[in-house]
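Dropping query-v8.cif in here (mmCIF, C-alpha atoms):
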data_work
#
loop_
_atom_site.group_PDB
_atom_site.id
_atom_site.type_symbol
_atom_site.label_atom_id
_atom_site.label_comp_id
_atom_site.auth_asym_id
_atom_site.auth_seq_id
_atom_site.Cartn_x
_atom_site.Cartn_y
_atom_site.Cartn_z
ATOM 1 C CA GLY L 1 65.848 -55.139 -47.013
ATOM 2 C CA THR L 2 63.421 -54.411 -49.867
ATOM 3 C CA ASP L 3 59.727 -55.183 -49.389
ATOM 4 C CA PHE L 4 57.829 -56.659 -52.314
ATOM 5 C CA MET L 5 54.594 -58.501 -53.046
ATOM 6 C CA ALA L 6 54.046 -62.025 -54.357
ATOM 7 C CA GLU L 7 50.690 -62.688 -55.981
ATOM 8 C CA VAL L 8 49.092 -66.012 -56.894
ATOM 9 C CA VAL L 9 45.865 -66.175 -58.900
ATOM 10 C CA VAL L 10 43.864 -69.413 -58.891
ATOM 11 C CA TYR L 11 41.213 -69.839 -61.614
ATOM 12 C CA ASN L 12 38.373 -72.329 -61.730
ATOM 13 C CA THR L 13 37.943 -73.181 -65.414
ATOM 14 C CA GLY L 14 34.353 -74.257 -64.813
ATOM 15 C CA LYS L 15 34.769 -77.757 -66.224
ATOM 16 C CA LYS L 16 34.193 -79.579 -62.925
ATOM 17 C CA GLY L 17 31.867 -77.265 -60.999
ATOM 18 C CA VAL L 18 32.915 -75.822 -57.655
ATOM 19 C CA TYR L 19 36.438 -76.650 -56.534
ATOM 20 C CA GLU L 20 36.098 -77.528 -52.869
ATOM 21 C CA GLU L 21 38.779 -77.913 -50.206
ATOM 22 C CA VAL L 22 41.616 -76.588 -52.349
ATOM 23 C CA ALA L 23 45.124 -76.294 -50.884
ATOM 24 C CA LEU L 24 47.678 -73.740 -52.087
ATOM 25 C CA THR L 25 51.282 -74.445 -51.071
ATOM 26 C CA HIS L 26 53.620 -71.481 -51.458
ATOM 27 C CA ILE L 27 57.211 -72.008 -50.293
ATOM 28 C CA PHE L 28 59.694 -69.114 -50.320
ATOM 29 C CA PRO L 29 63.499 -68.985 -50.638
ATOM 30 C CA SER L 30 65.538 -68.815 -47.454
ATOM 31 C CA GLY L 31 66.769 -65.287 -48.340
ATOM 32 C CA TRP L 32 63.228 -63.931 -48.103
ATOM 33 C CA GLU L 33 61.102 -63.315 -45.028
ATOM 34 C CA ILE L 34 57.329 -63.471 -44.902
ATOM 35 C CA HIS L 35 55.573 -60.453 -43.404
ATOM 36 C CA ASN L 36 52.726 -61.938 -41.377
ATOM 37 C CA GLU L 37 50.049 -59.281 -41.818
ATOM 38 C CA ARG L 38 47.868 -60.867 -39.136
ATOM 39 C CA MET L 39 50.418 -59.574 -36.617
ATOM 40 C CA ASP L 40 50.054 -55.994 -37.938
ATOM 41 C CA PRO L 41 47.212 -54.001 -36.310
ATOM 42 C CA ASN L 42 46.984 -51.773 -39.432
ATOM 43 C CA SER L 43 46.730 -54.720 -41.825
ATOM 44 C CA THR L 44 44.312 -54.656 -44.754
ATOM 45 C CA ILE L 45 44.549 -58.399 -45.465
ATOM 46 C CA ASP L 46 41.436 -59.846 -47.150
ATOM 47 C CA THR L 47 40.614 -62.987 -45.169
ATOM 48 C CA SER L 48 37.405 -63.544 -47.146
ATOM 49 C CA GLN L 49 39.474 -65.198 -49.913
ATOM 50 C CA PHE L 50 40.257 -68.295 -47.813
ATOM 51 C CA GLU L 51 38.866 -70.574 -45.105
ATOM 52 C CA TYR L 52 42.168 -71.098 -43.272
ATOM 53 C CA GLN L 53 45.770 -70.006 -43.679
ATOM 54 C CA ASP L 54 48.831 -71.470 -41.965
ATOM 55 C CA ILE L 55 51.878 -69.169 -42.072
ATOM 56 C CA ARG L 56 55.210 -70.793 -41.241
ATOM 57 C CA ASP L 57 58.795 -69.483 -41.351
ATOM 58 C CA ASP L 58 59.338 -70.215 -45.046
ATOM 59 C CA ARG L 59 55.937 -71.216 -46.407
ATOM 60 C CA ILE L 60 52.236 -70.483 -46.431
ATOM 61 C CA TYR L 61 49.475 -73.075 -46.729
ATOM 62 C CA THR L 62 46.128 -71.610 -47.778
ATOM 63 C CA TYR L 63 42.845 -73.548 -47.895
ATOM 64 C CA PHE L 64 39.769 -72.355 -49.780
ATOM 65 C CA ASN L 65 36.931 -73.104 -52.218
ATOM 66 C CA VAL L 66 36.614 -71.632 -55.730
ATOM 67 C CA LYS L 67 33.238 -71.221 -57.432
ATOM 68 C CA GLN L 68 32.766 -72.263 -61.045
ATOM 69 C CA ASN L 69 34.319 -69.748 -63.517
ATOM 70 C CA ASP L 70 35.673 -67.687 -60.622
ATOM 71 C CA LYS L 71 39.137 -66.824 -59.363
ATOM 72 C CA LYS L 72 40.889 -66.200 -56.057
ATOM 73 C CA VAL L 73 43.810 -63.801 -55.641
ATOM 74 C CA PHE L 74 46.314 -64.316 -52.817
ATOM 75 C CA LYS L 75 48.928 -61.674 -52.028
ATOM 76 C CA VAL L 76 51.864 -62.029 -49.651
ATOM 77 C CA LEU L 77 54.108 -59.229 -48.481
ATOM 78 C CA LEU L 78 57.754 -60.380 -48.464
ATOM 79 C CA ASN L 79 61.123 -58.902 -47.605
ATOM 80 C CA ALA L 80 64.363 -59.641 -49.463
ATOM 81 C CA SER L 81 66.394 -59.989 -46.279
ATOM 82 C CA TYR L 82 69.675 -61.633 -47.264
ATOM 83 C CA LEU L 83 71.906 -61.181 -50.292
ATOM 84 C CA GLY L 84 72.565 -64.269 -52.390
ATOM 85 C CA LYS L 85 71.197 -66.685 -54.965
ATOM 86 C CA TYR L 86 68.279 -68.850 -53.827
ATOM 87 C CA TYR L 87 65.911 -71.386 -55.320
ATOM 88 C CA LEU L 88 62.220 -70.450 -55.347
ATOM 89 C CA PRO L 89 60.362 -73.796 -55.201
ATOM 90 C CA MET L 90 57.315 -74.496 -57.340
ATOM 91 C CA VAL L 91 53.950 -73.101 -56.332
ATOM 92 C CA LYS L 92 51.246 -75.736 -56.318
ATOM 93 C CA VAL L 93 47.509 -75.786 -55.844
ATOM 94 C CA GLU L 94 45.344 -78.878 -55.701
ATOM 95 C CA ALA L 95 41.976 -80.084 -54.522
ATOM 96 C CA MET L 96 42.687 -82.118 -51.417
ATOM 97 C CA TYR L 97 40.254 -84.915 -52.299
ATOM 98 C CA ASP L 98 40.332 -84.859 -56.105
ATOM 99 C CA GLY L 99 43.776 -85.403 -57.603
ATOM 100 C CA THR L 100 42.564 -84.428 -61.073
ATOM 101 C CA ILE L 101 42.223 -80.784 -59.998
ATOM 102 C CA ASN L 102 45.701 -79.310 -59.722
ATOM 103 C CA ALA L 103 48.119 -76.743 -61.123
ATOM 104 C CA ARG L 104 51.791 -75.968 -60.692
ATOM 105 C CA ILE L 105 54.144 -73.123 -61.513
ATOM 106 C CA PRO L 106 57.733 -74.381 -61.869
ATOM 107 C CA GLY L 107 60.436 -73.262 -59.480
ATOM 108 C CA GLN L 108 63.271 -70.975 -60.516
ATOM 109 C CA TRP L 109 66.487 -69.432 -59.304
ATOM 110 C CA VAL L 110 66.220 -65.918 -57.840
ATOM 111 C CA ALA L 111 68.879 -63.486 -56.668
ATOM 112 C CA VAL L 112 68.813 -60.911 -53.912
ATOM 113 C CA GLU L 113 71.275 -58.191 -54.882
ATOM 114 C CA LYS L 114 72.185 -54.720 -53.680
#
Translate the structure of the given file into structure tokens.
Amino acid sequence: GTDFMAEVVVYNTGKKGVYEEVALTHIFPSGWEIHNERMDPNSTIDTSQFEYQDIRDDRIYTYFNVKQNDKKVFKVLLNASYLGKYYLPMVKVEAMYDGTINARIPGQWVAVEK
């Protein structure tokens, strides 16, 4: 039942100008629950970081642009809801119409313990 924050930082290295129509795919283990801050009237979520965000049961798709030599920071409030060992899938970001612009963080095993 512990709340915690996941943070993803996306950098534009500046080698290809503005990164347009970028998609961030962030899938979470089944033992974690996503706290949808848009449903919280006291939320302080910064929606200026993205154009559109689709929050599902176990994943979040975020779409945005990144200026040259700039970065975007995306934070997600999560809850470790169920005890057990789970696989955290890779986090990936890619320009939707330019396959040469992409980055991935490998997946890993995580444990929710008392």
For this session: Please provide the set of residues having any atom within 10 Å of range 78-88 of chain L, restricted to only C-alpha atoms, with same-chain residues fewer than 3 positions apart removed, written as JSON, numbers by chain.
Result: {"L": [1, 2, 3, 4, 5, 6, 26, 27, 28, 29, 30, 31, 32, 33, 34, 35, 36, 75, 91, 106, 107, 108, 109, 110, 111, 112, 113, 114]}
Give me the residues near range 53-55 of chain L as a PDB file with C-alpha atoms, in the frame of the given file, where near means some atom within 12 Å (using all atoms listed in the file) and where sequence neighbours in that chain fewer than 2 positions away do not count.
ATOM      1  CA  VAL L  22      41.616 -76.588 -52.349  1.00  0.00           C
ATOM      2  CA  ALA L  23      45.124 -76.294 -50.884  1.00  0.00           C
ATOM      3  CA  LEU L  24      47.678 -73.740 -52.087  1.00  0.00           C
ATOM      4  CA  THR L  25      51.282 -74.445 -51.071  1.00  0.00           C
ATOM      5  CA  HIS L  26      53.620 -71.481 -51.458  1.00  0.00           C
ATOM      6  CA  ILE L  27      57.211 -72.008 -50.293  1.00  0.00           C
ATOM      7  CA  PHE L  28      59.694 -69.114 -50.320  1.00  0.00           C
ATOM      8  CA  GLU L  33      61.102 -63.315 -45.028  1.00  0.00           C
ATOM      9  CA  ILE L  34      57.329 -63.471 -44.902  1.00  0.00           C
ATOM     10  CA  HIS L  35      55.573 -60.453 -43.404  1.00  0.00           C
ATOM     11  CA  ASN L  36      52.726 -61.938 -41.377  1.00  0.00           C
ATOM     12  CA  GLU L  37      50.049 -59.281 -41.818  1.00  0.00           C
ATOM     13  CA  ARG L  38      47.868 -60.867 -39.136  1.00  0.00           C
ATOM     14  CA  MET L  39      50.418 -59.574 -36.617  1.00  0.00           C
ATOM     15  CA  ILE L  45      44.549 -58.399 -45.465  1.00  0.00           C
ATOM     16  CA  ASP L  46      41.436 -59.846 -47.150  1.00  0.00           C
ATOM     17  CA  THR L  47      40.614 -62.987 -45.169  1.00  0.00           C
ATOM     18  CA  SER L  48      37.405 -63.544 -47.146  1.00  0.00           C
ATOM     19  CA  GLN L  49      39.474 -65.198 -49.913  1.00  0.00           C
ATOM     20  CA  PHE L  50      40.257 -68.295 -47.813  1.00  0.00           C
ATOM     21  CA  GLU L  51      38.866 -70.574 -45.105  1.00  0.00           C
ATOM     22  CA  ASP L  57      58.795 -69.483 -41.351  1.00  0.00           C
ATOM     23  CA  ASP L  58      59.338 -70.215 -45.046  1.00  0.00           C
ATOM     24  CA  ARG L  59      55.937 -71.216 -46.407  1.00  0.00           C
ATOM     25  CA  ILE L  60      52.236 -70.483 -46.431  1.00  0.00           C
ATOM     26  CA  TYR L  61      49.475 -73.075 -46.729  1.00  0.00           C
ATOM     27  CA  THR L  62      46.128 -71.610 -47.778  1.00  0.00           C
ATOM     28  CA  TYR L  63      42.845 -73.548 -47.895  1.00  0.00           C
ATOM     29  CA  PHE L  64      39.769 -72.355 -49.780  1.00  0.00           C
ATOM     30  CA  PHE L  74      46.314 -64.316 -52.817  1.00  0.00           C
ATOM     31  CA  VAL L  76      51.864 -62.029 -49.651  1.00  0.00           C
TER      32      VAL L  76
END
Exercise. Residues picked by the PyMOL selection byres ((chain L and resi 16-20) around 8) here, as JSON, numbers by chain?
Worked result: {"L": [12, 13, 14, 15, 21, 22, 64, 65, 66, 67, 68, 95, 101]}
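Taking CA of Tyr11 in chain L as the reference point, CA of Glu94 in chain L is found at 11.6 Å.
Taking CA of Val73 in chain L and CA of Ile105 in chain L as endpoints, the distance between them is 15.1 Å.
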Could you rebuild range 79-102 of chain L with N, CA, C and O atoms and give me the result as a CSV table (one decimal), keeping the file's coordinate frame?
chain,number,residue,atom,x,y,z
L,79,ASN,N,60.0,-59.8,-47.7
L,79,ASN,CA,61.1,-58.9,-47.6
L,79,ASN,C,62.3,-59.7,-48.1
L,79,ASN,O,62.6,-60.8,-47.6
L,80,ALA,N,63.1,-59.1,-49.0
L,80,ALA,CA,64.4,-59.6,-49.5
L,80,ALA,C,65.4,-59.3,-48.4
L,80,ALA,O,66.0,-58.3,-48.4
L,81,SER,N,65.6,-60.2,-47.5
L,81,SER,CA,66.4,-60.0,-46.3
L,81,SER,C,67.9,-60.3,-46.4
L,81,SER,O,68.7,-59.6,-45.8
L,82,TYR,N,68.3,-61.2,-47.2
L,82,TYR,CA,69.7,-61.6,-47.3
L,82,TYR,C,70.2,-61.7,-48.7
L,82,TYR,O,69.5,-62.3,-49.6
L,83,LEU,N,71.3,-61.1,-49.0
L,83,LEU,CA,71.9,-61.2,-50.3
L,83,LEU,C,72.3,-62.6,-50.7
L,83,LEU,O,72.7,-63.4,-49.8
L,84,GLY,N,72.2,-62.9,-51.9
L,84,GLY,CA,72.6,-64.3,-52.4
L,84,GLY,C,71.7,-64.8,-53.5
L,84,GLY,O,70.7,-64.2,-53.9
L,85,LYS,N,72.0,-66.0,-53.9
L,85,LYS,CA,71.2,-66.7,-55.0
L,85,LYS,C,70.4,-67.8,-54.3
L,85,LYS,O,71.0,-68.6,-53.6
L,86,TYR,N,69.1,-67.9,-54.5
L,86,TYR,CA,68.3,-68.8,-53.8
L,86,TYR,C,67.4,-69.5,-54.8
L,86,TYR,O,67.0,-69.0,-55.9
L,87,TYR,N,66.9,-70.7,-54.5
L,87,TYR,CA,65.9,-71.4,-55.3
L,87,TYR,C,64.5,-71.1,-54.8
L,87,TYR,O,64.2,-71.4,-53.6
L,88,LEU,N,63.6,-70.6,-55.7
L,88,LEU,CA,62.2,-70.4,-55.3
L,88,LEU,C,61.5,-71.7,-55.8
L,88,LEU,O,61.4,-72.0,-57.0
L,89,PRO,N,61.0,-72.5,-54.8
L,89,PRO,CA,60.4,-73.8,-55.2
L,89,PRO,C,59.1,-73.6,-56.0
L,89,PRO,O,58.5,-72.4,-55.9
L,90,MET,N,58.6,-74.6,-56.6
L,90,MET,CA,57.3,-74.5,-57.3
L,90,MET,C,56.2,-74.1,-56.4
L,90,MET,O,56.2,-74.4,-55.2
L,91,VAL,N,55.2,-73.4,-57.0
L,91,VAL,CA,54.0,-73.1,-56.3
L,91,VAL,C,52.9,-74.1,-56.8
L,91,VAL,O,52.8,-74.3,-58.0
L,92,LYS,N,52.2,-74.7,-55.9
L,92,LYS,CA,51.2,-75.7,-56.3
L,92,LYS,C,49.9,-75.5,-55.6
L,92,LYS,O,49.8,-75.0,-54.5
L,93,VAL,N,48.9,-75.9,-56.4
L,93,VAL,CA,47.5,-75.8,-55.8
L,93,VAL,C,46.8,-77.1,-56.3
L,93,VAL,O,47.0,-77.5,-57.4
L,94,GLU,N,46.0,-77.6,-55.4
L,94,GLU,CA,45.3,-78.9,-55.7
L,94,GLU,C,44.1,-79.1,-54.8
L,94,GLU,O,44.2,-78.6,-53.6
L,95,ALA,N,43.1,-79.7,-55.3
L,95,ALA,CA,42.0,-80.1,-54.5
L,95,ALA,C,42.4,-81.2,-53.6
L,95,ALA,O,43.0,-82.2,-54.1
L,96,MET,N,42.2,-81.1,-52.4
L,96,MET,CA,42.7,-82.1,-51.4
L,96,MET,C,42.1,-83.5,-51.6
L,96,MET,O,42.8,-84.5,-51.3
L,97,TYR,N,40.9,-83.6,-52.2
L,97,TYR,CA,40.3,-84.9,-52.3
L,97,TYR,C,39.9,-85.3,-53.7
L,97,TYR,O,39.2,-86.2,-54.0
L,98,ASP,N,40.5,-84.5,-54.7
L,98,ASP,CA,40.3,-84.9,-56.1
L,98,ASP,C,41.6,-84.6,-56.8
L,98,ASP,O,41.9,-83.4,-57.2
L,99,GLY,N,42.4,-85.6,-57.0
L,99,GLY,CA,43.8,-85.4,-57.6
L,99,GLY,C,43.8,-84.9,-59.0
L,99,GLY,O,44.8,-84.5,-59.5
L,100,THR,N,42.6,-84.9,-59.7
L,100,THR,CA,42.6,-84.4,-61.1
L,100,THR,C,42.5,-82.9,-61.2
L,100,THR,O,42.7,-82.3,-62.2
L,101,ILE,N,42.3,-82.2,-60.0
L,101,ILE,CA,42.2,-80.8,-60.0
L,101,ILE,C,43.5,-80.3,-59.4
L,101,ILE,O,43.7,-80.4,-58.2
L,102,ASN,N,44.4,-79.8,-60.2
L,102,ASN,CA,45.7,-79.3,-59.7
L,102,ASN,C,46.4,-78.4,-60.7
L,102,ASN,O,46.0,-78.4,-61.9
